[in-house]
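J.: Just so it is clear, I am handing over start_11.cif, which has mmCIF, C-alpha atoms.
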data_final
loop_
_atom_site.group_PDB
_atom_site.id
_atom_site.type_symbol
_atom_site.label_atom_id
_atom_site.label_comp_id
_atom_site.auth_asym_id
_atom_site.auth_seq_id
_atom_site.Cartn_x
_atom_site.Cartn_y
_atom_site.Cartn_z
ATOM 1 C CA MET A 1 0.000 0.000 0.000
ATOM 2 C CA ASN A 2 1.118 3.538 -0.510
ATOM 3 C CA PRO A 3 3.460 4.361 2.404
ATOM 4 C CA ALA A 4 2.090 7.903 2.525
ATOM 5 C CA ARG A 5 -1.449 6.596 3.066
ATOM 6 C CA ARG A 6 -2.734 6.623 6.641
ATOM 7 C CA GLY A 7 -4.953 3.782 7.823
ATOM 8 C CA PRO A 8 -6.584 0.941 5.911
ATOM 9 C CA LEU A 9 -7.554 1.227 2.266
ATOM 10 C CA THR A 10 -11.140 0.395 1.283
ATOM 11 C CA LEU A 11 -12.090 -1.069 -2.109
ATOM 12 C CA GLY A 12 -15.618 -1.631 -3.330
ATOM 13 C CA GLY A 13 -17.393 -3.218 -6.255
ATOM 14 C CA ARG A 14 -19.641 -6.001 -7.500
ATOM 15 C CA VAL A 15 -18.729 -9.660 -7.252
ATOM 16 C CA VAL A 16 -18.231 -11.082 -10.751
ATOM 17 C CA PRO A 17 -17.456 -14.594 -12.023
ATOM 18 C CA GLY A 18 -13.824 -15.677 -12.106
ATOM 19 C CA ASP A 19 -12.163 -18.881 -13.262
ATOM 20 C CA GLY A 20 -13.699 -21.000 -10.478
ATOM 21 C CA ARG A 21 -10.321 -22.341 -9.328
ATOM 22 C CA GLY A 22 -10.699 -21.116 -5.751
ATOM 23 C CA ARG A 23 -13.744 -23.269 -5.130
ATOM 24 C CA VAL A 24 -11.982 -26.321 -6.595
ATOM 25 C CA ILE A 25 -8.947 -25.926 -4.292
ATOM 26 C CA GLY A 26 -11.024 -25.249 -1.172
ATOM 27 C CA PHE A 27 -10.792 -21.455 -1.022
ATOM 28 C CA PRO A 28 -13.716 -19.982 -2.967
ATOM 29 C CA THR A 29 -13.004 -16.355 -3.734
ATOM 30 C CA ALA A 30 -15.227 -13.475 -4.691
ATOM 31 C CA ASN A 31 -13.709 -11.647 -7.667
ATOM 32 C CA LEU A 32 -14.311 -7.964 -7.129
ATOM 33 C CA ALA A 33 -14.917 -5.643 -10.098
ATOM 34 C CA CYS A 34 -13.483 -2.639 -8.271
ATOM 35 C CA LEU A 35 -14.960 0.790 -8.715
ATOM 36 C CA ASP A 36 -11.837 2.268 -7.152
ATOM 37 C CA ALA A 37 -8.911 3.200 -9.361
ATOM 38 C CA ASP A 38 -6.425 3.186 -6.463
ATOM 39 C CA ILE A 39 -5.827 -0.555 -6.066
ATOM 40 C CA PRO A 40 -2.705 -1.189 -3.970
ATOM 41 C CA GLU A 41 0.326 -3.245 -4.917
ATOM 42 C CA ASP A 42 0.014 -6.955 -5.609
ATOM 43 C CA GLY A 43 0.068 -9.211 -2.583
ATOM 44 C CA VAL A 44 -1.972 -11.001 0.059
ATOM 45 C CA TYR A 45 -3.800 -8.867 2.631
ATOM 46 C CA VAL A 46 -5.627 -9.200 5.948
ATOM 47 C CA ALA A 47 -9.069 -7.689 5.381
ATOM 48 C CA THR A 48 -12.622 -7.245 6.538
ATOM 49 C CA ALA A 49 -15.584 -7.284 4.170
ATOM 50 C CA LEU A 50 -19.035 -5.754 4.233
ATOM 51 C CA ILE A 51 -21.337 -7.654 1.884
ATOM 52 C CA GLY A 52 -24.682 -6.388 0.646
ATOM 53 C CA GLY A 53 -27.541 -8.373 2.178
ATOM 54 C CA THR A 54 -25.527 -9.975 5.017
ATOM 55 C CA GLY A 55 -25.917 -7.378 7.743
ATOM 56 C CA PRO A 56 -23.802 -4.538 9.108
ATOM 57 C CA SER A 57 -21.047 -6.578 10.785
ATOM 58 C CA PRO A 58 -17.836 -7.125 8.856
ATOM 59 C CA TRP A 59 -16.667 -10.579 7.842
ATOM 60 C CA GLY A 60 -13.023 -11.544 8.262
ATOM 61 C CA ALA A 61 -11.314 -12.052 4.908
ATOM 62 C CA THR A 62 -8.032 -12.732 3.161
ATOM 63 C CA VAL A 63 -7.523 -10.847 -0.105
ATOM 64 C CA SER A 64 -5.197 -11.607 -3.005
ATOM 65 C CA ILE A 65 -4.374 -8.871 -5.487
ATOM 66 C CA GLY A 66 -2.449 -9.801 -8.607
ATOM 67 C CA MET A 67 -2.376 -11.817 -11.812
ATOM 68 C CA ASN A 68 -2.327 -15.403 -10.434
ATOM 69 C CA PRO A 69 1.163 -16.204 -11.734
ATOM 70 C CA THR A 70 0.912 -19.893 -10.757
ATOM 71 C CA PHE A 71 -1.516 -20.486 -13.624
ATOM 72 C CA ALA A 72 -0.439 -20.293 -17.264
ATOM 73 C CA GLY A 73 -1.693 -17.710 -19.695
ATOM 74 C CA GLU A 74 -1.998 -13.958 -19.933
ATOM 75 C CA ARG A 75 -3.968 -12.805 -16.926
ATOM 76 C CA ALA A 76 -5.495 -9.512 -15.921
ATOM 77 C CA ARG A 77 -4.859 -8.132 -12.463
ATOM 78 C CA ARG A 78 -7.582 -9.221 -10.016
ATOM 79 C CA VAL A 79 -8.883 -8.543 -6.532
ATOM 80 C CA GLU A 80 -9.942 -11.905 -5.068
ATOM 81 C CA VAL A 81 -11.607 -12.034 -1.655
ATOM 82 C CA PHE A 82 -11.781 -15.214 0.430
ATOM 83 C CA VAL A 83 -14.426 -14.471 3.067
ATOM 84 C CA HIS A 84 -13.826 -16.535 6.196
ATOM 85 C CA ASP A 85 -16.653 -18.773 7.433
ATOM 86 C CA LEU A 86 -19.143 -17.835 4.711
ATOM 87 C CA ASP A 87 -20.879 -20.253 2.363
ATOM 88 C CA LEU A 88 -23.109 -18.043 0.236
ATOM 89 C CA ASP A 89 -23.497 -17.227 -3.462
ATOM 90 C CA LEU A 90 -22.036 -13.730 -3.717
ATOM 91 C CA TYR A 91 -22.329 -13.162 -7.484
ATOM 92 C CA GLY A 92 -23.828 -9.763 -8.235
ATOM 93 C CA ARG A 93 -23.649 -8.524 -4.639
ATOM 94 C CA PHE A 94 -21.872 -5.311 -3.763
ATOM 95 C CA MET A 95 -18.895 -5.797 -1.453
ATOM 96 C CA ARG A 96 -16.740 -3.269 0.344
ATOM 97 C CA VAL A 97 -13.362 -4.601 1.489
ATOM 98 C CA ARG A 98 -11.047 -2.892 3.943
ATOM 99 C CA LEU A 99 -7.391 -3.907 3.575
ATOM 100 C CA HIS A 100 -5.766 -3.726 7.008
ATOM 101 C CA GLU A 101 -2.313 -5.191 6.453
ATOM 102 C CA ARG A 102 -0.226 -6.622 3.612
ATOM 103 C CA MET A 103 1.103 -10.038 4.660
ATOM 104 C CA ARG A 104 3.285 -10.914 1.685
ATOM 105 C CA PRO A 105 3.908 -10.282 -2.032
ATOM 106 C CA THR A 106 2.264 -12.307 -4.783
ATOM 107 C CA LEU A 107 4.253 -15.476 -5.467
ATOM 108 C CA ARG A 108 4.428 -18.027 -8.274
ATOM 109 C CA PHE A 109 4.199 -21.612 -7.011
ATOM 110 C CA ASP A 110 5.584 -24.696 -8.742
ATOM 111 C CA ASP A 111 2.280 -26.554 -8.403
ATOM 112 C CA VAL A 112 -1.251 -26.267 -7.012
ATOM 113 C CA ALA A 113 -0.336 -28.261 -3.869
ATOM 114 C CA ALA A 114 2.227 -25.601 -2.927
ATOM 115 C CA LEU A 115 -0.339 -22.857 -3.582
ATOM 116 C CA ILE A 116 -2.889 -24.607 -1.337
ATOM 117 C CA ALA A 117 -0.323 -25.065 1.442
ATOM 118 C CA GLN A 118 0.630 -21.363 1.368
ATOM 119 C CA THR A 119 -3.022 -20.289 1.197
ATOM 120 C CA GLU A 120 -3.745 -22.324 4.330
ATOM 121 C CA ILE A 121 -0.872 -20.521 6.084
ATOM 122 C CA ASP A 122 -2.099 -17.123 4.835
ATOM 123 C CA VAL A 123 -5.675 -17.706 6.012
ATOM 124 C CA ARG A 124 -4.547 -18.916 9.469
ATOM 125 C CA ARG A 125 -2.326 -15.861 9.823
ATOM 126 C CA SER A 126 -5.082 -13.542 8.615
ATOM 127 C CA ARG A 127 -7.540 -15.022 11.144
ATOM 128 C CA ARG A 128 -5.004 -14.594 13.952
ATOM 129 C CA ILE A 129 -4.267 -10.956 13.052
ATOM 130 C CA LEU A 130 -7.983 -10.177 12.794
ATOM 131 C CA ALA A 131 -8.709 -11.795 16.161
ATOM 132 C CA GLU A 132 -5.781 -10.177 17.979
ATOM 133 C CA ARG A 133 -5.663 -6.693 16.515
ATOM 134 C CA ILE A 134 -8.599 -5.759 14.322
ATOM 135 C CA LEU A 135 -11.933 -7.315 15.229
ATOM 136 C CA GLN A 136 -11.327 -6.954 18.988
ATOM 137 C CA ARG A 137 -11.523 -3.156 18.901
#
Spell out the structure here as structure tokens.
T.:
Amino acid sequence: MNPARRGPLTLGGRVVPGDGRGRVIGFPTANLACLDADIPEDGVYVATALIGGTGPSPWGATVSIGMNPTFAGERARRVEVFVHDLDLDLYGRFMRVRLHERMRPTLRFDDVAALIAQTEIDVRRSRRILAERILQR
């Protein structure tokens, strides 16, 4: 995120279809068609999400911003949101995501198993940070 920026950055937009890989590997993501032009640098972020139709309380989330370099082909930059503990069809809903902390840069993995293993680590870390520092306020 821009070092001159103070506080978390908020992105918002509609959830649109992606490639469907997240659901297959156990981490279904909501692909956000961002209305905001100021999307931060690629990486994995600790986040909270407000989702239209699910109430006023934020959901914990882990967000990936980047071009999914593990998968072959020319890819556009994406904002993918894995909402913790939510099993709901989000297509077409408006979502506002607050990025609290960048955990790591985007990485290319040698295979899907390595990607899954790192995603599990990222989500555990995101949950811990949210519980200890963000959602306890």
J.: Pro8 in chain A: which residues within 12 Å, counting all atoms listed in the file, same-chain residues fewer than 6 positions away excluded, as an MDAnalysis selection string?
T.: chainID A and resid 1:2 40 45:48 97:102 134
J.: I'd like the interatomic distance between CA of Ala33 in chain A and CA of Arg75 in chain A, to a tenth of an Å.
T.: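 Answer for the CA of Ala33 in chain A to CA of Arg75 in chain A separation: 14.8 Å.
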J.: Write out as a count of residues only the residues lying within 12 Å of Leu86 in chain A, counting all atoms listed in the file and excluding same-chain residues fewer than 5 positions away.
T.: 12
J.: Evaluate the PyMOL selection byres ((chain A and resi 106-110) around 10) and record the selected residues as an mmCIF file with C-alpha atoms, in the coordinates of the input, following the chain and residue labels used in the document.
T.:
data_model
loop_
_atom_site.group_PDB
_atom_site.id
_atom_site.type_symbol
_atom_site.label_atom_id
_atom_site.label_comp_id
_atom_site.auth_asym_id
_atom_site.auth_seq_id
_atom_site.Cartn_x
_atom_site.Cartn_y
_atom_site.Cartn_z
ATOM 1 C CA GLU A 41 0.326 -3.245 -4.917
ATOM 2 C CA ASP A 42 0.014 -6.955 -5.609
ATOM 3 C CA GLY A 43 0.068 -9.211 -2.583
ATOM 4 C CA VAL A 44 -1.972 -11.001 0.059
ATOM 5 C CA SER A 64 -5.197 -11.607 -3.005
ATOM 6 C CA ILE A 65 -4.374 -8.871 -5.487
ATOM 7 C CA GLY A 66 -2.449 -9.801 -8.607
ATOM 8 C CA MET A 67 -2.376 -11.817 -11.812
ATOM 9 C CA ASN A 68 -2.327 -15.403 -10.434
ATOM 10 C CA PRO A 69 1.163 -16.204 -11.734
ATOM 11 C CA THR A 70 0.912 -19.893 -10.757
ATOM 12 C CA PHE A 71 -1.516 -20.486 -13.624
ATOM 13 C CA MET A 103 1.103 -10.038 4.660
ATOM 14 C CA ARG A 104 3.285 -10.914 1.685
ATOM 15 C CA PRO A 105 3.908 -10.282 -2.032
ATOM 16 C CA ASP A 111 2.280 -26.554 -8.403
ATOM 17 C CA VAL A 112 -1.251 -26.267 -7.012
ATOM 18 C CA ALA A 113 -0.336 -28.261 -3.869
ATOM 19 C CA ALA A 114 2.227 -25.601 -2.927
ATOM 20 C CA LEU A 115 -0.339 -22.857 -3.582
ATOM 21 C CA ILE A 116 -2.889 -24.607 -1.337
ATOM 22 C CA GLN A 118 0.630 -21.363 1.368
#
J.: Could you check which of A:Val63, A:Leu135, A:Val83, A:Ala76 is closest to Gly18 in chain A, using only C-alpha atoms?
T.: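 Closest to Gly18 in chain A, using only C-alpha atoms: A:Ala76.
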J.: Taking all atoms listed in the file into account, name the residue in A:Val16, A:Ile121, A:Leu11, A:Leu50 that is nearest to Cys34 in chain A.
T.: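 Answer, going by the shortest atom-to-atom distance: A:Leu11.
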J.: Evaluated on this file, the PyMOL selection byres ((chain A and resi 17) around 9) picks out some residues - which ones are they, written as a VMD selection string?
T.: chain A and resid 15 to 16 18 to 20 30 to 32 91 to 92
J.: Next, write the just-selected residues to a file, as a short mmCIF file (atom, residue, chain, number, x, y, z; two decimals), in the frame of the given file, keeping C-alpha atoms as the atom set.
T.:
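Output (selection_10.cif):
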data_model
loop_
_atom_site.label_atom_id
_atom_site.label_comp_id
_atom_site.auth_asym_id
_atom_site.auth_seq_id
_atom_site.Cartn_x
_atom_site.Cartn_y
_atom_site.Cartn_z
CA VAL A 15 -18.73 -9.66 -7.25
CA VAL A 16 -18.23 -11.08 -10.75
CA GLY A 18 -13.82 -15.68 -12.11
CA ASP A 19 -12.16 -18.88 -13.26
CA GLY A 20 -13.70 -21.00 -10.48
CA ALA A 30 -15.23 -13.48 -4.69
CA ASN A 31 -13.71 -11.65 -7.67
CA LEU A 32 -14.31 -7.96 -7.13
CA TYR A 91 -22.33 -13.16 -7.48
CA GLY A 92 -23.83 -9.76 -8.24
#
J.: Could you tell me how far CA of Thr10 in chain A lies from CA of Asp38 in chain A, in Å and to one decimal?
T.: 9.5 Å
J.: Selection in question (the file shown): the PyMOL selection byres ((chain A and resi 94) around 6). Which residues does it include, as a compact mmCIF listing (two decimals) with C-alpha atoms, in the coordinates of the input?
T.:
# COMPACT_ATOMS: atom_id res chain seq x y z
CA GLY A 13 -17.39 -3.22 -6.26
CA ARG A 14 -19.64 -6.00 -7.50
CA GLY A 52 -24.68 -6.39 0.65
CA ARG A 93 -23.65 -8.52 -4.64
CA MET A 95 -18.90 -5.80 -1.45
J.: Counting all atoms listed in the file, figure out which residue out of A:Gly12, A:Ile39, A:Thr62, A:Gly55 gets nearest to Ser126 in chain A.
T.: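 When distances to Ser126 in chain A are compared using all atoms listed in the file, the smallest one comes from A:Thr62.
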J.: What is the distance between CA of Asp85 in chain A and CA of Arg128 in chain A, in Å to one decimal?
T.: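 We find that CA of Asp85 in chain A and CA of Arg128 in chain A lie 14.0 Å from each other.
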J.: Just checking: using all atoms listed in the file, which residue out of A:Val79, A:Gly22, A:Ala117, A:Ala131 ends up closest to Arg96 in chain A?
T.: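 Among A:Val79, A:Gly22, A:Ala117, A:Ala131, it is A:Val79 that comes nearest to Arg96 in chain A.
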J.: For Asp89 in chain A, which of A:Ile25, A:Gly53, A:Arg125, A:Leu130 is the closest residue, counting only C-alpha atoms?
T.: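 Of the candidates, the smallest distance to Asp89 in chain A is held by A:Gly53.
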J.: Using the file's own x, y and z axes, so that the box edges lie along x, y and z, what centre and edge lengths in Å (one decimal) does a box around every listed atom of range 56-71 of chain A get when 8 Å is added on each side? Give it as AutoDock Vina command-line options.
T.:
--center_x -11.3 --center_y -12.5 --center_z -1.4 --size_x 41.0 --size_y 31.9 --size_z 40.4
